[in-house]
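K.L.:
Hey, dropping protein_9.cif in here, mmCIF, C-alpha atoms and all ligand atoms:
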```
data_upload
#
loop_
_atom_site.label_atom_id
_atom_site.label_comp_id
_atom_site.auth_asym_id
_atom_site.auth_seq_id
_atom_site.Cartn_x
_atom_site.Cartn_y
_atom_site.Cartn_z
CA MET A 3 0.00 0.00 0.00
CA LYS A 4 1.55 3.28 -1.16
CA ILE A 5 0.76 6.35 0.99
CA SER A 6 2.69 9.31 -0.38
CA GLN A 7 0.19 12.20 -0.17
CA VAL A 8 -1.44 14.00 2.71
CA VAL A 9 -4.48 16.26 2.42
CA LEU A 10 -4.09 19.06 4.94
CA PRO A 11 -7.08 21.38 5.37
CA VAL A 12 -5.97 24.84 6.52
CA ALA A 13 -8.95 26.96 5.51
CA GLY A 14 -10.41 27.43 9.04
CA TRP A 15 -10.65 30.88 10.62
CA GLY A 16 -8.84 29.96 13.82
CA THR A 17 -11.28 31.76 16.09
CA ARG A 18 -9.76 30.05 19.15
CA SER A 19 -6.46 31.81 18.44
CA LEU A 20 -7.81 35.36 18.09
CA PRO A 21 -6.64 38.08 18.18
CA ALA A 22 -3.26 36.52 17.24
CA SER A 23 -4.81 34.94 14.13
CA LYS A 24 -6.61 38.06 12.92
CA ASN A 25 -4.27 38.61 9.96
CA ILE A 26 -1.88 35.68 10.30
CA PRO A 27 -3.17 32.18 9.56
CA LYS A 28 -3.34 30.20 12.81
CA GLU A 29 -1.11 27.59 11.14
CA MET A 30 1.66 30.22 10.87
CA LEU A 31 1.75 31.14 14.56
CA PRO A 32 5.20 30.27 15.89
CA ILE A 33 5.95 27.55 18.39
CA TYR A 34 9.49 28.47 19.43
CA ASN A 35 11.23 29.04 16.08
CA LYS A 36 8.92 27.31 13.60
CA PRO A 37 5.31 27.84 12.56
CA VAL A 38 2.75 25.28 13.77
CA ILE A 39 2.30 23.92 10.24
CA GLN A 40 5.97 22.96 9.95
CA TYR A 41 5.66 20.60 12.93
CA VAL A 42 2.63 18.99 11.26
CA VAL A 43 4.44 18.61 7.93
CA GLU A 44 7.54 17.22 9.67
CA GLU A 45 5.31 14.57 11.27
CA ALA A 46 4.03 13.72 7.77
CA VAL A 47 7.57 13.50 6.37
CA CYS A 48 8.51 11.07 9.17
CA ALA A 49 5.63 8.87 7.97
CA GLY A 50 7.02 8.78 4.41
CA ILE A 51 4.78 11.46 2.91
CA GLN A 52 6.28 13.25 -0.12
CA GLU A 53 3.46 15.48 -1.25
CA VAL A 54 1.21 17.83 0.72
CA ILE A 55 -2.10 19.06 -0.66
CA PHE A 56 -3.14 22.14 1.31
CA VAL A 57 -6.84 22.92 1.24
CA THR A 58 -6.70 26.69 1.58
CA ASN A 59 -8.62 29.92 1.21
CA ARG A 60 -7.59 33.30 -0.14
CA HIS A 61 -5.95 34.39 3.11
CA LYS A 62 -3.68 31.37 3.45
CA SER A 63 -1.12 31.57 0.67
CA VAL A 64 1.69 32.21 3.17
CA VAL A 65 1.21 28.63 4.36
CA GLU A 66 2.29 27.39 0.91
CA ASP A 67 5.01 30.03 0.70
CA HIS A 68 6.64 28.68 3.86
CA PHE A 69 7.48 25.45 1.99
CA ASP A 70 8.74 27.29 -1.12
CA ARG A 71 12.19 28.76 -1.82
CA ASN A 72 12.86 32.40 -0.91
CA ILE A 73 15.89 33.03 -3.13
CA GLU A 74 16.34 36.67 -2.11
CA LEU A 75 16.47 35.78 1.59
CA GLU A 76 18.75 32.80 0.91
CA GLU A 77 21.23 35.03 -0.98
CA LEU A 78 21.17 37.59 1.76
CA LEU A 79 21.86 34.98 4.46
CA ALA A 80 24.62 33.37 2.35
CA GLU A 81 26.35 36.73 1.83
CA ALA A 82 26.10 37.52 5.54
CA GLY A 83 27.59 34.10 6.39
CA LYS A 84 24.50 33.16 8.43
CA ILE A 85 24.82 29.50 7.53
CA GLU A 86 22.65 28.03 10.29
CA GLN A 87 19.71 30.29 9.41
CA LEU A 88 20.26 29.62 5.70
CA LYS A 89 20.04 25.86 6.31
CA ALA A 90 16.83 26.26 8.34
CA VAL A 91 15.22 28.35 5.60
CA GLN A 92 16.24 25.90 2.87
CA GLU A 93 15.13 22.89 4.90
CA ALA A 94 11.52 24.07 5.01
CA ALA A 95 11.58 24.56 1.23
CA SER A 96 12.89 21.09 0.43
CA MET A 97 10.96 18.79 2.75
CA VAL A 98 7.90 18.17 0.53
CA GLU A 99 6.25 18.89 -2.78
CA VAL A 100 3.36 21.28 -2.27
CA MET A 101 0.04 21.55 -4.03
CA ALA A 102 -2.96 23.63 -3.06
CA VAL A 103 -6.66 23.69 -3.74
CA ARG A 104 -9.15 26.33 -2.65
CA GLN A 105 -12.08 25.56 -0.38
CA LYS A 106 -14.30 28.33 -1.67
CA GLN A 107 -16.82 28.10 1.13
CA GLN A 108 -16.29 26.68 4.59
CA MET A 109 -18.65 23.75 4.84
CA GLY A 110 -16.86 21.42 7.25
CA LEU A 111 -13.90 19.04 7.42
CA GLY A 112 -15.53 16.46 5.13
CA HIS A 113 -16.14 19.13 2.51
CA ALA A 114 -12.55 20.39 2.84
CA VAL A 115 -11.11 16.90 2.27
CA GLY A 116 -13.51 16.43 -0.67
CA CYS A 117 -12.01 19.51 -2.38
CA ALA A 118 -8.78 17.53 -2.96
CA ARG A 119 -10.52 14.71 -4.85
CA SER A 120 -9.03 15.36 -8.29
CA MET A 121 -5.50 15.67 -6.89
CA VAL A 122 -5.37 12.21 -5.29
CA PRO A 123 -4.57 9.46 -7.81
CA ASP A 124 -3.52 6.67 -5.40
CA ASP A 125 -5.76 4.11 -3.69
CA TYR A 126 -4.81 5.42 -0.24
CA PHE A 127 -3.83 8.83 1.13
CA ALA A 128 -3.45 10.50 4.53
CA VAL A 129 -5.39 13.36 6.11
CA MET A 130 -4.06 15.55 8.92
CA VAL A 131 -5.65 18.55 10.60
CA GLY A 132 -3.34 21.56 10.62
CA ASP A 133 -3.43 22.54 14.27
CA ASP A 134 -2.81 19.22 16.02
CA PHE A 135 0.57 17.58 16.12
CA MET A 136 2.20 14.66 17.89
CA VAL A 137 5.71 14.35 19.25
CA GLY A 138 7.60 11.32 20.52
CA ASP A 139 9.50 8.36 19.06
CA ASP A 140 7.53 6.62 16.29
CA ALA A 141 4.47 8.68 17.27
CA GLY A 142 1.92 10.29 15.00
CA LEU A 143 0.95 9.58 11.42
CA ILE A 144 3.62 6.89 10.99
CA GLN A 145 1.64 4.62 13.35
CA LEU A 146 -1.40 4.83 11.07
CA VAL A 147 0.63 4.23 7.91
CA GLU A 148 2.15 1.11 9.48
CA ALA A 149 -1.19 -0.22 10.75
CA ALA A 150 -2.96 0.48 7.42
CA GLN A 151 -0.20 -1.39 5.56
CA LYS A 152 -0.30 -4.30 8.03
CA TYR A 153 -4.09 -4.80 7.95
CA ASN A 154 -4.73 -3.41 4.46
CA MET A 155 -7.49 -1.23 5.90
CA PRO A 156 -8.15 2.46 6.52
CA CYS A 157 -7.04 3.63 9.96
CA ILE A 158 -7.80 6.67 12.09
CA GLY A 159 -5.81 7.98 15.04
CA VAL A 160 -7.43 8.14 18.48
CA MET A 161 -6.48 9.11 22.01
CA GLU A 162 -8.32 8.73 25.29
CA VAL A 163 -10.05 11.86 26.58
CA PRO A 164 -11.93 12.48 29.85
CA ALA A 165 -15.70 11.77 29.86
CA ASP A 166 -16.51 15.49 30.08
CA LYS A 167 -14.61 16.26 26.84
CA ILE A 168 -16.31 13.82 24.44
CA ASP A 169 -18.49 16.59 22.98
CA LYS A 170 -15.35 18.27 21.56
CA TYR A 171 -14.29 15.37 19.32
CA GLY A 172 -15.40 12.74 16.86
CA MET A 173 -15.68 9.68 19.12
CA VAL A 174 -15.28 6.02 18.22
CA ALA A 175 -16.01 2.74 19.98
CA GLY A 176 -14.63 -0.62 18.93
CA GLU A 177 -13.27 -4.07 19.67
CA GLU A 178 -9.57 -4.25 20.51
CA ILE A 179 -7.92 -6.70 18.06
CA GLU A 180 -4.32 -5.97 19.04
CA ASP A 181 -2.83 -3.82 21.79
CA GLY A 182 -4.04 -0.29 20.89
CA VAL A 183 -5.72 -1.31 17.60
CA TYR A 184 -9.53 -1.38 17.45
CA LYS A 185 -12.02 -2.59 14.86
CA ILE A 186 -14.47 0.31 14.90
CA THR A 187 -18.11 -0.48 15.64
CA GLU A 188 -19.43 3.01 16.32
CA MET A 189 -18.52 6.56 15.28
CA VAL A 190 -20.24 9.78 16.36
CA GLU A 191 -19.20 13.39 15.68
CA LYS A 192 -19.13 15.31 18.96
CA PRO A 193 -21.68 13.26 20.95
CA ALA A 194 -23.39 14.88 23.94
CA ILE A 195 -21.67 14.22 27.29
CA GLY A 196 -22.99 11.03 28.88
CA THR A 197 -24.27 9.50 25.63
CA MET A 198 -21.24 7.32 24.87
CA ASP A 199 -19.11 5.12 27.17
CA SER A 200 -16.03 5.05 24.95
CA ARG A 201 -13.29 7.60 25.58
CA LEU A 202 -11.56 7.14 22.22
CA ALA A 203 -11.43 10.52 20.49
CA ILE A 204 -10.36 11.16 16.88
CA VAL A 205 -7.25 13.35 16.92
CA GLY A 206 -7.05 14.58 13.33
CA ARG A 207 -4.95 11.80 11.77
CA TYR A 208 -6.34 9.46 9.11
CA VAL A 209 -5.19 7.02 6.41
CA LEU A 210 -8.12 6.74 4.02
CA PRO A 211 -9.03 4.96 0.79
CA ARG A 212 -9.64 7.02 -2.34
CA GLU A 213 -13.20 5.65 -2.31
CA ILE A 214 -13.95 7.89 0.67
CA PHE A 215 -14.48 10.79 -1.76
CA SER A 216 -17.71 9.15 -3.00
CA TYR A 217 -18.91 8.77 0.59
CA ILE A 218 -18.13 12.44 1.25
CA GLU A 219 -20.05 13.43 -1.88
CA TYR A 220 -23.25 11.74 -0.69
CA VAL A 221 -23.14 12.50 3.02
CA LYS A 222 -25.78 14.93 4.30
CA PRO A 223 -24.87 17.95 6.45
CA GLY A 224 -24.43 16.75 10.04
CA LYS A 225 -23.33 18.37 13.31
CA GLY A 226 -23.39 22.17 13.01
CA GLY A 227 -24.91 21.89 9.52
CA GLU A 228 -21.47 20.95 8.15
CA ILE A 229 -20.33 18.11 5.88
CA GLN A 230 -18.63 16.02 8.54
CA LEU A 231 -15.74 13.71 7.67
CA THR A 232 -16.78 11.49 10.60
CA ASP A 233 -20.22 10.86 9.03
CA ALA A 234 -18.66 9.77 5.71
CA LEU A 235 -16.23 7.53 7.62
CA GLU A 236 -19.09 6.01 9.61
CA ASN A 237 -20.89 5.00 6.41
CA TYR A 238 -17.70 3.51 4.98
CA MET A 239 -16.95 1.70 8.27
CA LYS A 240 -20.37 0.05 8.31
CA GLU A 241 -19.95 -1.29 4.79
CA LYS A 242 -16.27 -2.13 4.60
CA GLY A 243 -14.65 -1.81 8.04
CA MET A 244 -12.15 0.60 9.53
CA LEU A 245 -9.55 0.53 12.30
CA ALA A 246 -8.71 3.00 15.06
CA VAL A 247 -5.14 3.16 16.35
CA LYS A 248 -4.24 4.61 19.73
CA MET A 249 -1.64 7.32 19.20
CA LYS A 250 1.54 7.20 21.26
CA GLY A 251 3.49 10.21 22.37
CA ARG A 252 2.25 13.63 23.28
CA ARG A 253 -0.35 15.62 21.38
CA PHE A 254 -0.42 19.39 21.18
CA ASP A 255 -3.54 21.19 20.00
CA ALA A 256 -2.14 24.55 18.88
CA GLY A 257 -5.60 26.13 19.09
CA ASP A 258 -5.67 25.53 22.85
CA TRP A 259 -3.68 28.20 24.70
CA VAL A 260 -2.34 25.88 27.42
CA ASP A 261 -1.13 23.38 24.79
CA TYR A 262 0.23 26.19 22.61
CA LEU A 263 2.27 27.72 25.43
CA THR A 264 3.39 24.31 26.71
CA ALA A 265 4.57 23.37 23.22
CA GLY A 266 6.70 26.55 23.07
CA VAL A 267 8.39 25.57 26.34
CA TYR A 268 8.70 21.91 25.22
CA PHE A 269 10.58 22.81 22.03
CA GLY A 270 12.55 25.63 23.65
CA MET A 271 13.81 23.16 26.28
CA LYS A 272 14.94 20.79 23.51
CA ASP A 273 17.36 23.45 22.26
CA ALA A 274 20.50 22.94 24.34
CA LYS A 275 21.61 26.55 23.77
CA LEU A 276 18.32 28.00 25.00
CA ALA A 277 17.37 25.51 27.73
CA PRO A 278 19.42 26.77 30.72
CA ALA A 279 18.27 30.40 30.40
CA LEU A 280 14.68 29.36 29.66
CA ARG A 281 14.63 27.12 32.73
CA GLU A 282 15.82 30.01 34.93
CA ALA A 283 13.28 32.43 33.44
CA LEU A 284 10.43 29.94 33.95
CA LYS A 285 11.51 29.23 37.53
CA ASP A 286 11.43 32.92 38.22
CA ILE A 287 7.88 33.25 36.82
CA LEU A 288 6.50 30.10 38.44
CA GLU A 289 7.89 30.82 41.88
CA LYS A 290 6.30 34.26 42.07
C1 LIG A 301 -12.43 17.79 13.73
C2 LIG A 301 -13.20 16.50 13.50
C3 LIG A 301 -13.33 15.70 14.80
C4 LIG A 301 -11.95 15.49 15.42
C5 LIG A 301 -11.20 16.82 15.57
C6 LIG A 301 -9.78 16.55 16.02
O1 LIG A 301 -13.21 18.63 14.55
O2 LIG A 301 -14.48 16.79 12.95
O3 LIG A 301 -13.94 14.47 14.54
O4 LIG A 301 -12.10 14.87 16.68
O5 LIG A 301 -11.16 17.54 14.32
O6 LIG A 301 -9.02 17.70 16.16
P1 LIG A 301 -12.90 20.20 14.76
O7 LIG A 301 -11.86 20.28 15.82
O8 LIG A 301 -12.43 20.72 13.44
O9 LIG A 301 -14.20 20.80 15.17
#
```
Would you write out, as structure tokens, the structure that this file holds?
P.N.:
Amino acid sequence: MKISQVVLPVAGWGTRSLPASKNIPKEMLPIYNKPVIQYVVEEAVCAGIQEVIFVTNRHKSVVEDHFDRNIELEELLAEAGKIEQLKAVQEAASMVEVMAVRQKQQMGLGHAVGCARSMVPDDYFAVMVGDDFMVGDDAGLIQLVEAAQKYNMPCIGVMEVPADKIDKYGMVAGEEIEDGVYKITEMVEKPAIGTMDSRLAIVGRYVLPREIFSYIEYVKPGKGGEIQLTDALENYMKEKGMLAVKMKGRRFDAGDWVDYLTAGVYFGMKDAKLAPALREALKDILEK
């Protein structure tokens, strides 16, 4: 099973990140020294993805630009002998091939994924949401790619959430067939609290068959009047089966301020040059 493309919807307004996201796409907000979207794309590259299809709107072209060359800046950095910065700038431009398609009207995640239909030639492809990302050894999309290849089935990433948070996620229930791998029996987009026992929440990572585009085409508007990806997946699951894989590692939701700020500290502390001073500064803040 070849999985070389990821569809990455980035057309959302990012209302949770306002006012920071008023004129800057939420995907471009920095976490330490890189924009959120670069962490997501790096996770995709670790899973063997070579091509990213951004589903964008007219305010989001800088997201594509980040993964393009900036020759003028590169020349300037080369002349100034700023080799480390030059490498960092070039790295972002060479990690993946980039394509983009416009979502002309925001009609939900299912609709956004559906916009990429004509750009996906292979039997299977990945989907990632642009504000969640996973860190940790062998964590993230790579787990889904491996499970999909092993079982020859579509797979979606899940994580356990507390009972009072199930109305924030697509939720799944299933039968565990291997440690952390479930055959899905039930899927509901943002169920009301108390209406589902399962704690397995969809965390914005999917490996899907090309056929899913037909299911998206025929699904009716669901939760919030939007074309929900979860509803299309539910119909597919009932007919042909689908697996859920528990994600390892740590997940950051960049649209959540606690996660966003924690992620900044997490990556800052991974930089040996920055860590000692950052630790001192944090100690000073936390002890006051
Ligand atoms: C979307 C999906 C939902 C999933 C979530 C993960 O919801 O519809 O099933 O649990 O992403 O981040 P959104 O957060 O866009 O409302």
K.L.:
Kindly work out which residues sit at most 10 Å from ligand LIG 301 (chain A), using all atoms listed in the file, and give the list as number ranges by chain.
P.N.:
A: 11, 14, 16, 110-112, 130-135, 159-161, 168-174, 189-192, 202-207, 225-226, 228-233, 255, 257
K.L.:
Can you work out which one of A:Lys240, A:Arg60, A:Lys4, A:Lys248 has the shortest atom-to-atom distance to Glu178 of chain A, counting all atoms listed in the file?
P.N.:
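Among the listed residues, A:Lys248 lies closest to Glu178 of chain A.
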K.L.:
Let me have the centre and edge lengths of the axis-aligned box enclosing all listed atoms of segment 146-154 of chain A with 6 Å padding on every side, in Å to one decimal, as AutoDock Vina command-line options.
P.N.:
```
--center_x -1.3 --center_y 0.0 --center_z 7.8 --size_x 18.9 --size_y 21.6 --size_z 18.6
```
K.L.:
Write out as number ranges by chain which residues come within 12 Å of Glu45 of chain A when counting all atoms listed in the file, dropping same-chain ones fewer than 2 positions away.
P.N.:
A: 8, 38-43, 47-52, 54, 97-98, 128-132, 134-147, 207, 253
K.L.:
To one decimal in Å, tell me the separation between atom CA of Ile33 of chain A and atom CA of Phe127 of chain A.
P.N.:
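It comes out at 27.3 Å.
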K.L.:
Counting all atoms listed in the file, I want the residues whose atoms come within 9 Å of (-6.9, 17.4, 0.7) in the file frame, returned as a ChimeraX atom specification.
P.N.:
/A:7-11,54-57,102-103,114-119,121-122,128-130
K.L.:
For each of A:Val64, A:Leu78, A:Met239, A:Met198, take the minimum atom-to-atom distance to Ile26 of chain A, counting only C-alpha atoms, then give the residue where this is smallest.
P.N.:
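With only C-alpha atoms as the atom set, the closest residue is A:Val64.
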K.L.:
Report the distance between atom CA of Glu289 of chain A and atom CA of Tyr268 of chain A in Å, rounded to one decimal place.
P.N.:
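Distance between the two atoms: 18.9 Å.
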K.L.:
One decimal, in Å: what's the spacing between atom CA of Glu66 of chain A and atom CA of Met30 of chain A?
P.N.:
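We find that atom CA of Glu66 of chain A and atom CA of Met30 of chain A lie 10.4 Å from each other.
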K.L.:
Residues at most 7 Å from Gly270 of chain A, counting only C-alpha atoms, excluding those fewer than 5 positions away in the same chain, as a PyMOL selection string?
P.N.:
chain A and resi 34+276-277
K.L.:
Restrict the selected residues to C-alpha atoms and save them as a PDB file, in the coordinates of the input.
P.N.:
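What landed in result08.pdb:
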```pdb
ATOM      1  CA  TYR A  34       9.490  28.470  19.430  1.00  0.00           C
ATOM      2  CA  LEU A 276      18.320  28.000  25.000  1.00  0.00           C
ATOM      3  CA  ALA A 277      17.370  25.510  27.730  1.00  0.00           C
TER       4      ALA A 277
END
```
K.L.:
Between A:Asp67, A:Asn25, A:Gly182, A:Arg104, which one has atoms that come closest to Ala149 of chain A, using all atoms listed in the file?
P.N.:
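Of all the options, A:Gly182 lies closest to Ala149 of chain A.
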K.L.:
Between A:Ala283, A:Ala256, A:Leu88, A:Cys157, which is the closest to Glu76 of chain A once you count all atoms listed in the file?
P.N.:
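So, comparing all the options, the nearest one is A:Leu88.
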K.L.:
Looking at all atoms listed in the file, which of A:Lys185, A:Lys275, A:Lys167, A:Arg18 is the one that sits closest to Val247 of chain A?
P.N.:
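Closest to Val247 of chain A, using all atoms listed in the file: A:Lys185.
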K.L.:
Rank nothing, just name the residue among A:Phe69, A:Tyr126, A:Thr187, A:Tyr262 nearest to Gln151 of chain A, using all atoms listed in the file.
P.N.:
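Answer, going by the shortest atom-to-atom distance: A:Tyr126.
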